[in-house]
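S.K.: The file below is work37.cif, mmCIF, C-alpha atoms:
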```
data_target
loop_
_atom_site.label_atom_id
_atom_site.label_comp_id
_atom_site.auth_asym_id
_atom_site.auth_seq_id
_atom_site.Cartn_x
_atom_site.Cartn_y
_atom_site.Cartn_z
CA MET A 22 249.01 61.83 85.78
CA LYS A 23 246.40 59.08 85.98
CA SER A 24 243.99 61.13 88.07
CA PRO A 25 243.34 63.93 85.51
CA LEU A 26 243.06 61.40 82.69
CA LEU A 27 240.60 59.34 84.72
CA ALA A 28 238.53 62.42 85.57
CA ILE A 29 238.39 63.55 81.94
CA THR A 30 237.41 60.06 80.78
CA ALA A 31 234.66 59.85 83.39
CA ALA A 32 233.34 63.28 82.43
CA LEU A 33 233.24 62.37 78.74
CA LEU A 34 231.41 59.13 79.50
CA MET A 35 228.86 60.99 81.61
CA LEU A 36 228.31 63.60 78.90
CA GLY A 37 227.89 60.92 76.27
CA ALA A 38 225.34 59.06 78.37
CA THR A 39 223.00 62.01 78.90
CA SER A 40 220.41 63.12 76.41
CA ALA A 41 219.56 66.68 75.41
CA ALA A 42 216.44 66.69 77.59
CA ASN A 43 218.46 65.92 80.71
CA ALA A 44 221.06 68.59 79.96
CA LYS A 45 218.68 71.45 80.70
CA GLY A 46 220.26 73.47 83.50
CA CYS A 47 223.39 71.34 83.58
CA ILE A 48 225.66 73.64 81.59
CA LYS A 49 225.07 76.74 83.73
CA GLY A 50 225.33 74.72 86.93
CA ALA A 51 228.52 73.02 85.81
CA ILE A 52 230.18 76.33 84.93
CA VAL A 53 229.26 77.96 88.23
CA GLY A 54 230.11 74.84 90.24
CA GLY A 55 233.42 74.36 88.43
CA VAL A 56 234.54 77.91 89.11
CA ALA A 57 233.43 77.74 92.74
CA GLY A 58 235.12 74.37 93.21
CA HIS A 59 238.34 75.64 91.65
CA TYR A 60 238.56 78.58 94.04
CA ALA A 61 237.52 76.47 97.03
CA GLY A 62 240.51 74.18 97.09
CA HIS A 63 241.15 73.22 93.47
CA HIS A 64 238.17 70.87 93.20
CA GLY A 65 236.83 72.15 89.89
CA MET A 66 235.72 68.77 88.53
CA LEU A 67 233.84 67.91 91.71
CA GLY A 68 232.23 71.35 91.73
CA ALA A 69 231.23 71.02 88.07
CA ALA A 70 229.60 67.64 88.69
CA ALA A 71 227.71 68.92 91.72
CA GLY A 72 226.69 72.08 89.84
CA CYS A 73 225.39 70.02 86.94
CA LEU A 74 223.25 67.88 89.24
CA TYR A 75 221.90 70.93 91.04
CA GLY A 76 221.16 72.72 87.76
CA ARG A 77 219.22 69.72 86.46
CA HIS A 78 217.28 69.53 89.73
CA ARG A 79 216.33 73.22 89.55
CA ALA A 80 215.29 72.93 85.89
CA ASN A 81 213.08 69.93 86.68
CA GLU A 82 211.46 71.77 89.59
CA GLN A 83 210.73 74.79 87.40
CA ASP A 84 209.20 72.56 84.72
CA LYS A 85 206.94 70.92 87.31
CA GLN A 86 205.79 74.32 88.59
CA GLN A 87 205.01 75.51 85.06
CA GLN A 88 203.04 72.36 84.30
CA GLN A 89 201.04 72.68 87.51
CA SER A 90 200.19 76.30 86.82
CA GLN A 91 199.02 75.43 83.31
CA VAL A 92 196.87 72.58 84.59
CA ASN A 93 195.30 74.85 87.21
CA GLY A 94 194.51 77.46 84.58
CA GLN A 95 196.88 80.04 85.98
CA GLY A 96 199.49 79.83 83.24
CA LYS A 97 199.43 81.27 79.75
CA LEU A 98 198.74 78.84 76.96
#
```
Would you write out, as structure tokens, the structure that this file holds?

M.R.:
Amino acid sequence: MKSPLLAITAALLMLGATSAANAKGCIKGAIVGGVAGHYAGHHGMLGAAAGCLYGRHRANEQDKQQQQSQVNGQGKL
């Protein structure tokens, strides 16, 4: 009983601590990771957290690539 309550509380605290700029990519990653974690041994919360981190990482990498292409004159302005 304490474990689900603790996990929900931790998730709410993490969501409250992030800003909108950091959430880019997190929602899609959390959904995919949560579903995958649920089917891979009932670890949906762990999968959602890992998916969120991976989604944020991918979004940051894509932003860096877009900025580099615009600086080099290859991107559309």

S.K.: Nearest to Pro25 (chain A): which of A:Lys45, A:Arg77, A:Ala70, A:Gly65 is it, counting all atoms listed in the file?

M.R.: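 Once distances to Pro25 (chain A) are computed over all atoms listed in the file, the minimum belongs to A:Gly65.
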
S.K.: Taking the file as shown, what set of residues would the PyMOL selection byres ((chain A and resi 49) around 10) give back, as a PDB file with C-alpha atoms, in the frame of the given file?

M.R.:
```
ATOM      1  CA  ALA A  44     221.060  68.590  79.960  1.00  0.00           C
ATOM      2  CA  LYS A  45     218.680  71.450  80.700  1.00  0.00           C
ATOM      3  CA  GLY A  46     220.260  73.470  83.500  1.00  0.00           C
ATOM      4  CA  CYS A  47     223.390  71.340  83.580  1.00  0.00           C
ATOM      5  CA  ILE A  48     225.660  73.640  81.590  1.00  0.00           C
ATOM      6  CA  GLY A  50     225.330  74.720  86.930  1.00  0.00           C
ATOM      7  CA  ALA A  51     228.520  73.020  85.810  1.00  0.00           C
ATOM      8  CA  ILE A  52     230.180  76.330  84.930  1.00  0.00           C
ATOM      9  CA  VAL A  53     229.260  77.960  88.230  1.00  0.00           C
ATOM     10  CA  GLY A  54     230.110  74.840  90.240  1.00  0.00           C
ATOM     11  CA  GLY A  55     233.420  74.360  88.430  1.00  0.00           C
ATOM     12  CA  ALA A  69     231.230  71.020  88.070  1.00  0.00           C
ATOM     13  CA  GLY A  72     226.690  72.080  89.840  1.00  0.00           C
ATOM     14  CA  CYS A  73     225.390  70.020  86.940  1.00  0.00           C
ATOM     15  CA  TYR A  75     221.900  70.930  91.040  1.00  0.00           C
ATOM     16  CA  GLY A  76     221.160  72.720  87.760  1.00  0.00           C
ATOM     17  CA  ARG A  77     219.220  69.720  86.460  1.00  0.00           C
TER      18      ARG A  77
END
```

S.K.: Measuring atom to atom with all atoms listed in the file, identify which of A:Leu74, A:Gln83, A:Gly94, A:Met66 is nearest to Ala31 (chain A).

M.R.: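 Looking only at the distances to Ala31 (chain A), the closest residue turns out to be A:Met66.
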
S.K.: How many Å separate CA of Ala80 (chain A) from CA of Met35 (chain A)?

M.R.: 18.6 Å

S.K.: Tell me, in Å to one decimal, how far CA of His63 (chain A) is from CA of Thr30 (chain A).

M.R.: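 Atom-to-atom, CA of His63 (chain A) and CA of Thr30 (chain A) are spaced 18.7 Å apart.
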
S.K.: How far is it from CA of Tyr60 (chain A) to CA of Ala32 (chain A), in Å with one decimal?

M.R.: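 Answer for the CA of Tyr60 (chain A) to CA of Ala32 (chain A) separation: 19.9 Å.
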